[in-house]
file start03.cif (mmCIF, C-alpha atoms, pLDDT in the B column; chains and numbers go by the auth columns)
data_structure
#
loop_
_atom_site.group_PDB
_atom_site.id
_atom_site.type_symbol
_atom_site.label_atom_id
_atom_site.label_comp_id
_atom_site.label_asym_id
_atom_site.label_seq_id
_atom_site.Cartn_x
_atom_site.Cartn_y
_atom_site.Cartn_z
_atom_site.B_iso_or_equiv
_atom_site.auth_seq_id
_atom_site.auth_asym_id
ATOM 1 C CA MET A 1 58.960 144.229 58.943 69.00 1 A
ATOM 2 C CA SER A 2 57.419 147.040 56.960 79.00 2 A
ATOM 3 C CA LYS A 3 59.465 149.138 54.588 78.00 3 A
ATOM 4 C CA THR A 4 59.133 152.245 56.752 81.00 4 A
ATOM 5 C CA ALA A 5 60.262 150.370 59.851 84.00 5 A
ATOM 6 C CA SER A 6 63.283 148.883 58.085 83.00 6 A
ATOM 7 C CA ILE A 7 64.304 152.319 56.801 87.00 7 A
ATOM 8 C CA ALA A 8 64.013 153.683 60.343 90.00 8 A
ATOM 9 C CA VAL A 9 66.117 150.828 61.716 91.00 9 A
ATOM 10 C CA VAL A 10 68.810 151.366 59.076 91.00 10 A
ATOM 11 C CA TRP A 11 68.769 155.111 59.762 92.00 11 A
ATOM 12 C CA ALA A 12 69.186 154.463 63.490 94.00 12 A
ATOM 13 C CA LEU A 13 72.076 152.066 62.824 94.00 13 A
ATOM 14 C CA LEU A 14 73.742 154.625 60.558 94.00 14 A
ATOM 15 C CA ALA A 15 73.364 157.293 63.246 95.00 15 A
ATOM 16 C CA LEU A 16 74.851 154.906 65.829 95.00 16 A
ATOM 17 C CA LEU A 17 77.777 154.110 63.531 95.00 17 A
ATOM 18 C CA LEU A 18 78.311 157.833 62.923 94.00 18 A
ATOM 19 C CA ALA A 19 78.419 158.470 66.659 95.00 19 A
ATOM 20 C CA SER A 20 80.859 155.603 67.145 94.00 20 A
ATOM 21 C CA THR A 21 83.054 156.961 64.362 93.00 21 A
ATOM 22 C CA MET A 22 83.166 160.368 66.003 93.00 22 A
ATOM 23 C CA ALA A 23 83.823 158.951 69.466 92.00 23 A
ATOM 24 C CA LEU A 24 86.500 156.492 68.369 91.00 24 A
ATOM 25 C CA SER A 25 88.307 159.063 66.236 88.00 25 A
ATOM 26 C CA THR A 26 89.188 160.992 69.358 89.00 26 A
ATOM 27 C CA VAL A 27 90.291 157.908 71.316 91.00 27 A
ATOM 28 C CA LEU A 28 92.087 155.759 68.765 87.00 28 A
ATOM 29 C CA THR A 29 95.031 157.079 66.786 85.00 29 A
ATOM 30 C CA GLY A 30 97.535 155.552 64.411 85.00 30 A
ATOM 31 C CA PRO A 31 96.989 152.380 62.399 86.00 31 A
ATOM 32 C CA ILE A 32 94.374 150.939 64.748 91.00 32 A
ATOM 33 C CA GLY A 33 92.304 154.101 64.396 89.00 33 A
ATOM 34 C CA LEU A 34 92.559 153.873 60.619 88.00 34 A
ATOM 35 C CA LEU A 35 91.486 150.229 60.579 90.00 35 A
ATOM 36 C CA THR A 36 88.589 150.923 62.922 92.00 36 A
ATOM 37 C CA GLY A 37 87.432 153.864 60.826 91.00 37 A
ATOM 38 C CA LEU A 38 87.602 151.828 57.633 89.00 38 A
ATOM 39 C CA ALA A 39 85.667 148.965 59.228 92.00 39 A
ATOM 40 C CA ILE A 40 82.915 151.307 60.376 94.00 40 A
ATOM 41 C CA ALA A 41 82.818 152.985 56.952 93.00 41 A
ATOM 42 C CA THR A 42 82.508 149.566 55.300 90.00 42 A
ATOM 43 C CA ALA A 43 79.593 148.690 57.577 93.00 43 A
ATOM 44 C CA LYS A 44 77.874 151.985 56.743 94.00 44 A
ATOM 45 C CA ALA A 45 78.380 151.455 53.006 91.00 45 A
ATOM 46 C CA GLY A 46 76.983 147.944 53.308 89.00 46 A
ATOM 47 C CA LEU A 47 73.878 149.173 55.114 90.00 47 A
ATOM 48 C CA VAL A 48 73.282 151.907 52.540 90.00 48 A
ATOM 49 C CA SER A 49 73.684 149.594 49.588 87.00 49 A
ATOM 50 C CA TRP A 50 71.591 146.816 51.143 86.00 50 A
ATOM 51 C CA ARG A 51 68.585 148.959 52.079 88.00 51 A
ATOM 52 C CA PHE A 52 68.670 152.158 50.040 86.00 52 A
ATOM 53 C CA MET A 53 69.976 150.614 46.817 84.00 53 A
ATOM 54 C CA HIS A 54 67.401 147.832 47.265 85.00 54 A
ATOM 55 C CA LEU A 55 69.841 144.947 47.073 83.00 55 A
ATOM 56 C CA ASP A 56 67.624 143.074 49.521 80.00 56 A
ATOM 57 C CA GLU A 57 64.879 143.024 46.860 83.00 57 A
ATOM 58 C CA GLN A 58 67.099 142.100 43.898 83.00 58 A
ATOM 59 C CA PRO A 59 67.751 138.626 42.502 86.00 59 A
ATOM 60 C CA GLY A 60 71.008 136.828 43.203 86.00 60 A
ATOM 61 C CA LEU A 61 72.714 137.912 39.993 90.00 61 A
ATOM 62 C CA ALA A 62 72.395 141.610 40.871 88.00 62 A
ATOM 63 C CA ARG A 63 73.881 140.914 44.304 89.00 63 A
ATOM 64 C CA ILE A 64 76.783 139.028 42.743 92.00 64 A
ATOM 65 C CA ALA A 65 77.350 141.944 40.355 91.00 65 A
ATOM 66 C CA ALA A 66 77.438 144.379 43.302 89.00 66 A
ATOM 67 C CA ILE A 67 79.935 142.160 45.143 90.00 67 A
ATOM 68 C CA GLY A 68 82.043 141.860 41.991 92.00 68 A
ATOM 69 C CA ALA A 69 82.050 145.628 41.491 91.00 69 A
ATOM 70 C CA THR A 70 83.118 146.135 45.097 89.00 70 A
ATOM 71 C CA ALA A 71 85.866 143.535 44.767 93.00 71 A
ATOM 72 C CA TRP A 72 87.132 145.193 41.594 96.00 72 A
ATOM 73 C CA LEU A 73 87.175 148.573 43.326 92.00 73 A
ATOM 74 C CA VAL A 74 89.192 147.096 46.210 90.00 74 A
ATOM 75 C CA ILE A 75 91.670 145.622 43.716 96.00 75 A
ATOM 76 C CA LEU A 76 92.078 148.957 41.927 96.00 76 A
ATOM 77 C CA PHE A 77 92.573 150.896 45.159 93.00 77 A
ATOM 78 C CA SER A 78 95.047 148.292 46.435 94.00 78 A
ATOM 79 C CA LEU A 79 97.129 148.424 43.273 95.00 79 A
ATOM 80 C CA THR A 80 97.061 152.224 43.274 95.00 80 A
ATOM 81 C CA GLY A 81 98.157 152.259 46.910 92.00 81 A
ATOM 82 C CA LEU A 82 100.962 149.810 46.219 93.00 82 A
ATOM 83 C CA ASP A 83 102.149 151.906 43.300 93.00 83 A
ATOM 84 C CA TYR A 84 102.113 155.023 45.472 91.00 84 A
ATOM 85 C CA MET A 85 104.014 153.319 48.287 91.00 85 A
ATOM 86 C CA THR A 86 106.826 152.140 45.970 90.00 86 A
ATOM 87 C CA ARG A 87 107.616 155.606 44.641 85.00 87 A
#
call {"tool": "encode", "arguments": {"input": "start03.cif", "output": "structure tokens"}}
result
Amino acid sequence: MSKTASIAVVWALLALLLASTMALSTVLTGPIGLLTGLAIATAKAGLVSWRFMHLDEQPGLARIAAIGATAWLVILFSLTGLDYMTR
């Protein structure tokens, strides 16, 4: 697949995920709506980092570093959230 075609496919997927986010935000409320929104946002972030940050062209070590940075960010947000919930 050419680079232009893959960018167009990723753009179309991002537009589809945006439309699903907007549609589901009106239907789903409460914790299930939050989880659905976060799952869609994670998928969008993964698509952006894979194609537009060129992780598909990088060697394995750069991909591992990106996964490690994401894991560290999740840990920091989780600990911050836990601290906030206990106060």
call {"tool": "atom_distance", "arguments": {"input": "start03.cif", "atom1": "CA of Ile7 in chain A", "atom2": "CA of His54 in chain A"}}
result
11.0 Å
call {"tool": "residues_around", "arguments": {"input": "start03.cif", "residues": "range 39-43 of chain A", "least_positions_apart": "5", "cutoff": "9 Å", "atoms": "all atoms listed in the file", "output": "list in words"}}
result
Leu14, Leu17, Leu18, Ser20, Thr21, Leu34 and Val48 of chain A
call {"tool": "atom_distance", "arguments": {"input": "start03.cif", "atom1": "CA of Gly81 in chain A", "atom2": "CA of Ser49 in chain A"}}
result
24.8 Å
call {"tool": "atom_distance", "arguments": {"input": "start03.cif", "atom1": "CA of Ser25 in chain A", "atom2": "CA of Ala71 in chain A"}}
result
26.6 Å
call {"tool": "residues_near_point", "arguments": {"input": "start03.cif", "point": "(69.6, 145.0, 54.1)", "cutoff": "12 Å", "atoms": "all atoms listed in the file", "output": "compact mmCIF listing (two decimals) with C-alpha atoms, keeping the file's coordinate frame"}}
result
# COMPACT_ATOMS: atom_id res chain seq x y z
CA MET A 1 58.96 144.23 58.94
CA LYS A 3 59.46 149.14 54.59
CA SER A 6 63.28 148.88 58.08
CA ILE A 7 64.30 152.32 56.80
CA VAL A 9 66.12 150.83 61.72
CA VAL A 10 68.81 151.37 59.08
CA TRP A 11 68.77 155.11 59.76
CA LEU A 13 72.08 152.07 62.82
CA ALA A 43 79.59 148.69 57.58
CA LYS A 44 77.87 151.99 56.74
CA ALA A 45 78.38 151.46 53.01
CA GLY A 46 76.98 147.94 53.31
CA LEU A 47 73.88 149.17 55.11
CA VAL A 48 73.28 151.91 52.54
CA SER A 49 73.68 149.59 49.59
CA TRP A 50 71.59 146.82 51.14
CA ARG A 51 68.58 148.96 52.08
CA PHE A 52 68.67 152.16 50.04
CA MET A 53 69.98 150.61 46.82
CA HIS A 54 67.40 147.83 47.26
CA LEU A 55 69.84 144.95 47.07
CA ASP A 56 67.62 143.07 49.52
CA GLU A 57 64.88 143.02 46.86
CA GLN A 58 67.10 142.10 43.90
CA ARG A 63 73.88 140.91 44.30
